[in-house]
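S.K.: Quick one: the structure is below, questions incoming.
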Amino acid sequence: MSALLEIQDLEVHFPVGGGWFSGPRAVVHAVDGVDLSVEPGEIVAVVGESGCGKTTLARSVLGLNQPTAGTIRFRGKDVRGARSAQEMRAYRRAIQMIFQDPFDSLNPRKTVLQTLAQPLRIHGIVPRSEIRAEVVRLLNLVGLSPGESYLGRYPHQFSGGQRQRICIARAIALRPSLIVADEAVSALDISIRAQILALLQKLRTDLGLSYLFITHDLGVVRSFCERVVVMYLGHVVEEGPTEQIFERPRHPYTTALLEACPLADPIVARRRTSAPLTGDIPSPVRPPKACRFHTRCPMAEEICGTVAPPIVDCGNGQKSRCHFAGDLDRWPKFDFSSAKASA
Amino acid sequence: MSKPLLTATNLVTKLFTDSGTVQAVDGVSLHIGHGEAVALVGESGCGKSMTALSLMRLVRPPGQIVSGSVNFDGADLLSLSEREMRAVRGGRLAMVFQDPMTFLNPLMRVGEQIVEAIMLHQRVGSSEARRTALEALERVGIPAAATVIEYFPHQLSGGMRQRVLIAMAISSKPTLLIADEPTTALDVTIQAQIMRLLAKLRGELSSSMLLITHDLGLVAEYCDRVYVMYAGRIVEEGDVYGIFANPRHPYTRALLSSTLSPDRRIEKLAPIDGQPPNLITPPPGCRFHPRCRERMARCSEEAPPNFDIAPGASARCWLYEEAARVGAP
C-alpha cells in the first residue's frame, strides 16, 4: 500500500529579526528534518508542546508556508513540483483543514449557506442548481439537522461546538481524502469534544477519510489515533503505533510527556512518583546541539550533548531518536496498565 | 469534625446584562476544611469561576452577589467593608488565575510587584519586604531569583510568570488559596511542575486550596474532595475516590465517560447530546434534564433538592430520593 501523504526530510526555517530595531538576524528552526507518512484511512497524531513545530508541519502540508528543504508527496506526486494551476487545485481539494478556533475560522458576515456554498461553487462539486441541497446534506451529515433551519444563520448564532461542526462541513464539502486538524478539539468543553471526536470517527468510516491530527492532548490521542508522531523542538523524537507508544515508550521525552499528563483516575494518578521534567522548553532559535532534548533529559549522558542520536528501530514500526532506545536495561519502568493491575 | 475554614451558603450571583439576567451562580453551598484540597469542576459557563469571584468578592458589574453568605475563618465576608475585605483578600485568602499576564503589570519589575503586595498586607519595611519577595521567588523554584526579581514580566516564560504569581500569593502565607484554572494556558510538562509546586507549598504552609478546573485529571491527582457544577448549580459532592469510582449524578457520569485519559483507550466514544443551557432562560426543573439519559417525568417540572447519599456524598438528582430517605436517621 502506498502512502497517501509522504513527507521526507522536511525543513522549515523562518528568519526573524534583521530589521532596524529588532536586532541581528536569526533563524527559527521550526521543523528540522521531519519524515512522516499517512496511509489511506489512517489517523496519525502529531503531538508535542509549544514550539515543537507541529503547527508549522501542518501548515506546510497545506501549502500555507514554504518549506526550506525536503519533499512532500501526496499520492506519490511531489506537491511542490505541481506547476499547473489544475494540479494545485486538485491538491487543495484533496487536503482540507480544521483549525482550533471555530470563532476565528468562520467569516462573521456570511451565513452558513454562503460559507458552505462557496467551495462547492469554486470547485464545481455539484451543478449550481443543486448547491443548496448539497449544503443541507452536509449540515445533516455533521449533525446540524434539519439542515434547512441553519442555512440563514450567522456564525455568532452558534455555540463553539456547532461552529466546529460547520468547519467540519466546510472541510468535507470538497470530498477530500485527507483532513489536517490542528488542535481541532482543544478549545471545546469535555462533553462537546467527545461529540466532535465521535463525529470525526463516523465521517472517517463513512467517507473513507484520513486525518493528520495535530494535538497536545495525549488522552485524545490514545482513544482517537492509530499512530503517533512525537515532536520536540522541530525533530521527530519518536513514532509508532499508539498502543505501543503508550505502553512502551522508547524516548525519554515521550515518557516525560506521559508522566506529566493528568490521569482521570485518582488511584493510578497518585501512584506515580516520578519527578516532572525541570526547566522550560528551549527556544527554537537556538536549539540545543546534538540531541535537542538533552538539556532536560533525566537520562542524559555526555554523548547526548555531543553526538546527534540515530533513529533506532524498536520493532513494529516504532522508531526512537535516542542513543539508548535499544538499551532496554537502562529504561525506567513505565506502564500505566501495570500500575492499574497492581491496584 | 472541626469547623470548616470556609463555608459558602446559598450563594446567588447574577449578571444583569442587556440581553437578560444570567443566573450564573444559583444557590451554591460549599465548604472547605483546614488543609483540604477541594475541586470545583465543570465546563465553561457553568458558573465555577463566578463562584470563585463571589467567594473573593471580586464580582464586577454587570454581575452582583444577590444573596447568600460566605464565612471565612469566623468572618462573614459579604458583610465586611471594602477596606476590611482588601485586608483579607491577598492576605489570608489568596488567589492564582489562569492567565498570569493579565495580573502582572507589564511596566513594573516583578520584584516591585511582589514587594508592593507584601507591604500592603504586612507591616514591614521595604528592605524586609524585598527579602521576603526573594525568599518567595526561591520557594517557587525560580532559578537565579536574585536576577529574575529585576525582570519585567515579558522577559519570563508562561510557566515562570505563573510561578511569580504564586510567589506573590504565598508571600502572605495564606490559609486558603483559590486557584482558578492555574495551568490551563501552560504546556503539559510545565503544568506538572506548577501543580506539584502548588501541592508542595500547600503542605509546607498547611493551607487549603480550592482548585477551579475543567480537567478531571488534575482533580483526580491533586484534590481530596470534589464539587461538580452544572448550569450554575452544584449537582454532586463527594470525596475524590468516590466521585471517580462511583459517580452518582448522571452529569458526573457523562463527564467522566467523555473524559479521555491517556491511561486507557476508549474504542467507541459515547458522548452525551446537546450543550449546556443558556443561563438567561435555563430549562425548568433539573437543569440537566434535556441532556440526561435517565430523566423521568418530574425532572422537567421540579428541580431536585440536594440528596445526602452517604456521609460527605450528595447529589442533586431525583434518582436518589429513595436512597436519601433510607439513609436518613
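Residues in the C-alpha cells are named by chain (A, B, ... in the order shown) and by number from 1 within that chain; ligands are numbered from 1 in the order shown.
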Please find the residues of chain A near chain B - the criterion being any atom within 9 Å, counting only C-alpha atoms - and write them as an NGL selection string.
M.R.: :A and (48-50 or 159 or 161 or 188-198 or 201 or 216-224 or 243 or 246-247 or 256-270 or 275-281 or 335-337)
S.K.: Pull the helix (DSSP H, G or I) assignments for stretch 132-220 of chain B out of DSSP run on the backbone, and list those residues as a short mmCIF file (atom, residue, chain, number, x, y, z; two decimals) with N, CA and C atoms, in the first residue's frame.
M.R.:
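The resulting file, selection.cif, is shown below:
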data_model
loop_
_atom_site.label_atom_id
_atom_site.label_comp_id
_atom_site.auth_asym_id
_atom_site.auth_seq_id
_atom_site.Cartn_x
_atom_site.Cartn_y
_atom_site.Cartn_z
N THR B 132 11.66 39.14 51.78
CA THR B 132 10.56 38.18 51.73
C THR B 132 10.23 37.81 50.28
N ALA B 133 10.24 38.81 49.39
CA ALA B 133 9.93 38.57 47.98
C ALA B 133 10.94 37.61 47.36
N LEU B 134 12.22 37.84 47.70
CA LEU B 134 13.27 36.99 47.18
C LEU B 134 13.10 35.55 47.67
N GLU B 135 12.78 35.43 48.95
CA GLU B 135 12.53 34.11 49.52
C GLU B 135 11.37 33.41 48.82
N ALA B 136 10.30 34.19 48.58
CA ALA B 136 9.12 33.61 47.93
C ALA B 136 9.48 33.13 46.52
N LEU B 137 10.28 33.92 45.80
CA LEU B 137 10.67 33.51 44.45
C LEU B 137 11.51 32.24 44.47
N GLU B 138 12.40 32.16 45.47
CA GLU B 138 13.21 30.95 45.59
C GLU B 138 12.33 29.75 45.93
N ARG B 139 11.37 30.01 46.78
CA ARG B 139 10.49 28.94 47.22
C ARG B 139 9.65 28.34 46.09
N ALA B 145 16.86 33.60 41.40
CA ALA B 145 15.80 34.52 41.81
C ALA B 145 16.30 35.95 41.94
N ALA B 146 17.54 36.12 42.36
CA ALA B 146 18.09 37.47 42.55
C ALA B 146 18.15 38.23 41.23
N THR B 147 18.30 37.51 40.11
CA THR B 147 18.29 38.16 38.80
C THR B 147 16.86 38.37 38.33
N VAL B 148 16.06 37.35 38.50
CA VAL B 148 14.69 37.39 37.98
C VAL B 148 13.88 38.50 38.66
N PRO B 153 7.78 41.39 33.36
CA PRO B 153 7.03 40.16 33.05
C PRO B 153 7.29 39.60 31.65
N HIS B 154 7.49 40.47 30.64
CA HIS B 154 7.63 39.93 29.29
C HIS B 154 8.93 39.16 29.10
N GLN B 155 9.85 39.29 30.04
CA GLN B 155 11.11 38.55 29.92
C GLN B 155 10.99 37.13 30.45
N GLY B 158 5.74 31.60 30.18
CA GLY B 158 4.43 31.45 30.81
C GLY B 158 4.52 30.73 32.16
N GLY B 159 5.31 29.68 32.21
CA GLY B 159 5.46 28.93 33.45
C GLY B 159 6.10 29.77 34.55
N MET B 160 7.11 30.57 34.16
CA MET B 160 7.80 31.42 35.13
C MET B 160 6.87 32.53 35.64
N ARG B 161 6.05 33.08 34.74
CA ARG B 161 5.09 34.11 35.17
C ARG B 161 4.12 33.53 36.18
N GLN B 162 3.67 32.30 35.92
CA GLN B 162 2.73 31.69 36.86
C GLN B 162 3.43 31.48 38.20
N ARG B 163 4.71 31.14 38.16
CA ARG B 163 5.46 31.00 39.42
C ARG B 163 5.54 32.32 40.17
N VAL B 164 5.71 33.41 39.42
CA VAL B 164 5.77 34.73 40.06
C VAL B 164 4.45 35.03 40.76
N LEU B 165 3.33 34.73 40.08
CA LEU B 165 2.02 34.98 40.70
C LEU B 165 1.85 34.12 41.95
N ILE B 166 2.33 32.88 41.86
CA ILE B 166 2.22 32.01 43.03
C ILE B 166 3.09 32.55 44.16
N ALA B 167 4.28 33.05 43.81
CA ALA B 167 5.15 33.64 44.82
C ALA B 167 4.44 34.80 45.52
N MET B 168 3.76 35.61 44.71
CA MET B 168 3.03 36.74 45.26
C MET B 168 1.92 36.26 46.20
N ALA B 169 1.23 35.20 45.75
CA ALA B 169 0.11 34.67 46.54
C ALA B 169 0.59 34.09 47.86
N ILE B 170 1.72 33.37 47.84
CA ILE B 170 2.14 32.71 49.08
C ILE B 170 2.95 33.62 49.99
N VAL B 188 1.98 20.78 28.96
CA VAL B 188 1.73 19.73 29.94
C VAL B 188 2.91 19.48 30.89
N THR B 189 4.16 19.58 30.39
CA THR B 189 5.27 19.35 31.32
C THR B 189 5.39 20.51 32.31
N ILE B 190 5.05 21.72 31.87
CA ILE B 190 5.08 22.88 32.76
C ILE B 190 3.90 22.81 33.73
N GLN B 191 2.76 22.33 33.23
CA GLN B 191 1.60 22.15 34.09
C GLN B 191 1.94 21.23 35.26
N ALA B 192 2.65 20.13 34.94
CA ALA B 192 3.02 19.19 36.00
C ALA B 192 3.91 19.88 37.03
N GLN B 193 4.85 20.71 36.56
CA GLN B 193 5.72 21.43 37.51
C GLN B 193 4.91 22.33 38.43
N ILE B 194 3.98 23.10 37.83
CA ILE B 194 3.21 24.06 38.62
C ILE B 194 2.29 23.36 39.61
N MET B 195 1.64 22.28 39.15
CA MET B 195 0.72 21.58 40.06
C MET B 195 1.46 20.94 41.23
N ARG B 196 2.64 20.35 40.93
CA ARG B 196 3.43 19.76 42.02
C ARG B 196 3.87 20.85 43.00
N LEU B 197 4.23 22.00 42.43
CA LEU B 197 4.66 23.11 43.27
C LEU B 197 3.52 23.54 44.20
N LEU B 198 2.31 23.67 43.63
CA LEU B 198 1.17 24.09 44.46
C LEU B 198 0.91 23.07 45.57
N ALA B 199 1.01 21.79 45.22
CA ALA B 199 0.78 20.74 46.22
C ALA B 199 1.84 20.81 47.32
N LYS B 200 3.09 21.04 46.92
CA LYS B 200 4.19 21.09 47.89
C LYS B 200 4.01 22.30 48.83
N LEU B 201 3.70 23.46 48.25
CA LEU B 201 3.54 24.66 49.07
C LEU B 201 2.37 24.53 50.02
N ARG B 202 1.32 23.87 49.55
CA ARG B 202 0.15 23.69 50.39
C ARG B 202 0.53 22.87 51.62
N GLY B 203 1.38 21.87 51.40
CA GLY B 203 1.86 21.07 52.52
C GLY B 203 2.71 21.90 53.47
N GLU B 204 3.65 22.68 52.92
CA GLU B 204 4.56 23.46 53.75
C GLU B 204 3.84 24.52 54.57
N LEU B 205 2.84 25.15 53.97
CA LEU B 205 2.13 26.23 54.66
C LEU B 205 0.91 25.70 55.39
N LEU B 216 -10.56 16.86 34.70
CA LEU B 216 -10.78 15.84 35.73
C LEU B 216 -9.48 15.13 36.12
N GLY B 217 -8.50 15.16 35.22
CA GLY B 217 -7.21 14.57 35.53
C GLY B 217 -6.55 15.30 36.70
N LEU B 218 -6.59 16.62 36.68
CA LEU B 218 -5.99 17.39 37.77
C LEU B 218 -6.74 17.15 39.08
N VAL B 219 -8.06 17.03 38.96
CA VAL B 219 -8.88 16.76 40.14
C VAL B 219 -8.46 15.43 40.75
N ALA B 220 -8.35 14.42 39.90
CA ALA B 220 -8.01 13.08 40.38
C ALA B 220 -6.68 13.07 41.11
#
S.K.: Could you please determine the separation between atom CA of A:Cys297 and atom CA of A:Thr242 in Å, to one decimal place?
M.R.: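 Separation between atom CA of A:Cys297 and atom CA of A:Thr242: 22.4 Å.
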S.K.: Write out as a list in words which residues come within 10 Å of A:Leu139 when counting only C-alpha atoms, dropping same-chain ones fewer than 4 positions away.
M.R.: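 Once the adjacent positions are removed, what remains is Val112, Leu113, Leu116, Ala133, Glu134, Val135, Gly143, Leu144, Ser145, Pro146, Gly147, Glu148, Ser149, Tyr150, Leu151, Arg165, Ile166, Ile168, Ala169, Arg170 and Ala173 of chain A.
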S.K.: According to DSSP computed on the backbone, where in stretch 32-145 of chain A is there strand (DSSP E or B)? Give the residues as a list in words.
M.R.: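 Going through stretch 32-145 of chain A, the strand (DSSP E or B) residues come out as Asp32, Gly33, Val34, Asp35, Leu36, Ser37, Val38, Ile43, Val44, Ala45, Val46, Val47, Ala69, Gly70, Thr71, Ile72, Arg73, Phe74, Lys77, Asp78, Ile95, Gln96, Met97 and Ile98 of chain A.
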S.K.: Would you export the selected residues with N, CA and C atoms as a CSV table (one decimal), in the first residue's frame, please?
M.R.:
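Result written to result_28.csv:
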chain,number,residue,atom,x,y,z
A,32,ASP,N,12.8,20.6,11.5
A,32,ASP,CA,14.1,20.3,11.1
A,32,ASP,C,14.4,18.8,10.7
A,33,GLY,N,14.1,18.5,9.5
A,33,GLY,CA,14.4,17.1,9.0
A,33,GLY,C,13.3,16.2,9.5
A,34,VAL,N,12.1,16.4,9.2
A,34,VAL,CA,11.0,15.5,9.6
A,34,VAL,C,10.5,14.6,8.5
A,35,ASP,N,10.4,13.3,8.9
A,35,ASP,CA,9.8,12.3,8.0
A,35,ASP,C,8.5,11.9,8.6
A,36,LEU,N,7.5,11.7,7.7
A,36,LEU,CA,6.2,11.4,8.3
A,36,LEU,C,5.3,10.8,7.1
A,37,SER,N,4.5,9.8,7.4
A,37,SER,CA,3.6,9.4,6.3
A,37,SER,C,2.3,9.1,6.9
A,38,VAL,N,1.3,9.2,6.0
A,38,VAL,CA,-0.1,8.9,6.4
A,38,VAL,C,-0.7,8.0,5.4
A,43,ILE,N,-5.4,7.5,10.9
A,43,ILE,CA,-5.4,8.7,11.8
A,43,ILE,C,-4.1,8.8,12.4
A,44,VAL,N,-3.3,9.8,12.1
A,44,VAL,CA,-2.0,9.9,12.6
A,44,VAL,C,-2.0,11.2,13.5
A,45,ALA,N,-1.5,11.0,14.7
A,45,ALA,CA,-1.4,12.1,15.6
A,45,ALA,C,0.0,12.7,15.6
A,46,VAL,N,0.1,14.0,15.6
A,46,VAL,CA,1.4,14.7,15.8
A,46,VAL,C,1.3,15.4,17.2
A,47,VAL,N,2.1,15.0,18.1
A,47,VAL,CA,2.0,15.6,19.5
A,47,VAL,C,3.3,16.3,19.9
A,69,ALA,N,13.5,23.0,2.8
A,69,ALA,CA,14.0,21.9,2.1
A,69,ALA,C,13.1,20.7,2.3
A,70,GLY,N,13.4,19.6,1.6
A,70,GLY,CA,12.6,18.4,1.8
A,70,GLY,C,11.5,18.2,0.8
A,71,THR,N,10.8,17.1,0.8
A,71,THR,CA,9.7,16.9,-0.1
A,71,THR,C,8.4,16.5,0.6
A,72,ILE,N,7.3,16.9,0.0
A,72,ILE,CA,6.0,16.4,0.5
A,72,ILE,C,5.3,15.8,-0.7
A,73,ARG,N,5.1,14.5,-0.6
A,73,ARG,CA,4.4,13.8,-1.7
A,73,ARG,C,3.0,13.5,-1.3
A,74,PHE,N,2.0,13.7,-2.2
A,74,PHE,CA,0.7,13.3,-2.0
A,74,PHE,C,0.2,12.4,-3.1
A,77,LYS,N,2.9,12.0,-5.7
A,77,LYS,CA,3.3,13.2,-6.5
A,77,LYS,C,3.9,14.3,-5.6
A,78,ASP,N,5.0,14.8,-6.1
A,78,ASP,CA,5.6,15.9,-5.3
A,78,ASP,C,4.8,17.1,-5.4
A,95,ILE,N,-6.9,17.9,0.1
A,95,ILE,CA,-6.5,18.1,1.5
A,95,ILE,C,-7.2,19.3,2.1
A,96,GLN,N,-8.0,19.1,3.1
A,96,GLN,CA,-8.7,20.1,3.8
A,96,GLN,C,-8.3,20.3,5.2
A,97,MET,N,-8.7,21.3,5.9
A,97,MET,CA,-8.2,21.6,7.2
A,97,MET,C,-9.4,22.0,8.2
A,98,ILE,N,-9.1,21.7,9.4
A,98,ILE,CA,-10.0,22.2,10.5
A,98,ILE,C,-9.0,22.8,11.5
S.K.: Would you compute the distance between atom CA of B:Leu319 and atom CA of B:Cys299? Give it in Å to one decimal.
M.R.: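 Result for atom CA of B:Leu319 versus atom CA of B:Cys299: 9.8 Å, one decimal.
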S.K.: Provide the atom CA of B:Ile114 to atom CA of B:Ser127 distance in Å, to one decimal place.
M.R.: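 The value is 12.4 Å.
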S.K.: Within 7 Å of stretch 174-182 of chain B, counting only C-alpha atoms, which residues qualify if same-chain residues fewer than 2 places away don't, as a CSV table (one decimal) with N, CA and C atoms, in the first residue's frame?
M.R.:
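Listing of out-v8.csv after writing:
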chain,number,residue,atom,x,y,z
B,49,SER,N,-16.1,29.8,37.8
B,49,SER,CA,-15.2,31.0,38.0
B,49,SER,C,-16.0,32.1,38.7
B,91,GLY,N,-4.3,38.4,51.4
B,91,GLY,CA,-3.7,38.1,52.7
B,91,GLY,C,-3.9,36.6,53.0
B,92,ARG,N,-4.9,36.4,53.9
B,92,ARG,CA,-5.1,35.0,54.3
B,92,ARG,C,-5.9,34.3,53.2
B,93,LEU,N,-6.5,35.0,52.3
B,93,LEU,CA,-7.2,34.4,51.2
B,93,LEU,C,-6.6,34.9,49.9
B,94,ALA,N,-5.8,34.0,49.3
B,94,ALA,CA,-5.0,34.4,48.1
B,94,ALA,C,-5.5,33.7,46.9
B,95,MET,N,-5.1,34.2,45.7
B,95,MET,CA,-5.6,33.6,44.5
B,95,MET,C,-4.6,33.5,43.4
B,96,VAL,N,-4.8,32.6,42.5
B,96,VAL,CA,-4.0,32.5,41.3
B,96,VAL,C,-4.9,32.2,40.2
B,97,PHE,N,-4.7,32.9,39.1
B,97,PHE,CA,-5.6,32.8,37.9
B,97,PHE,C,-4.9,32.1,36.7
B,98,GLN,N,-5.8,32.0,35.7
B,98,GLN,CA,-5.3,31.3,34.5
B,98,GLN,C,-4.2,32.0,33.8
B,170,ILE,N,1.7,33.4,47.8
B,170,ILE,CA,2.1,32.7,49.1
B,170,ILE,C,2.9,33.6,50.0
B,172,SER,N,2.1,36.1,51.5
B,172,SER,CA,1.4,36.5,52.7
B,172,SER,C,1.0,35.3,53.6
B,184,THR,N,-4.1,26.0,32.8
B,184,THR,CA,-4.8,25.8,31.5
B,184,THR,C,-4.0,26.3,30.3
B,207,SER,N,-1.9,25.0,54.2
B,207,SER,CA,-3.1,25.8,53.8
B,207,SER,C,-4.0,24.9,53.0
B,208,SER,N,-5.2,25.5,52.7
B,208,SER,CA,-6.2,24.8,52.0
B,208,SER,C,-6.2,25.3,50.5
B,209,MET,N,-6.7,24.5,49.6
B,209,MET,CA,-6.8,25.0,48.2
B,209,MET,C,-8.2,24.7,47.6
B,210,LEU,N,-8.7,25.7,46.9
B,210,LEU,CA,-9.9,25.5,46.1
B,210,LEU,C,-9.4,25.5,44.6
B,211,LEU,N,-9.4,24.4,44.0
B,211,LEU,CA,-9.0,24.3,42.6
B,211,LEU,C,-10.2,24.4,41.7
B,212,ILE,N,-10.2,25.4,40.8
B,212,ILE,CA,-11.3,25.5,39.9
B,212,ILE,C,-10.8,25.0,38.6
B,213,THR,N,-11.4,24.0,38.0
B,213,THR,CA,-10.9,23.4,36.8
B,213,THR,C,-11.9,22.7,36.0
S.K.: What lies within 9 Å of A:Arg89 using only C-alpha atoms, ignoring chain neighbours under 5 positions off, as a ChimeraX atom specification?
M.R.: /A:84,94,123
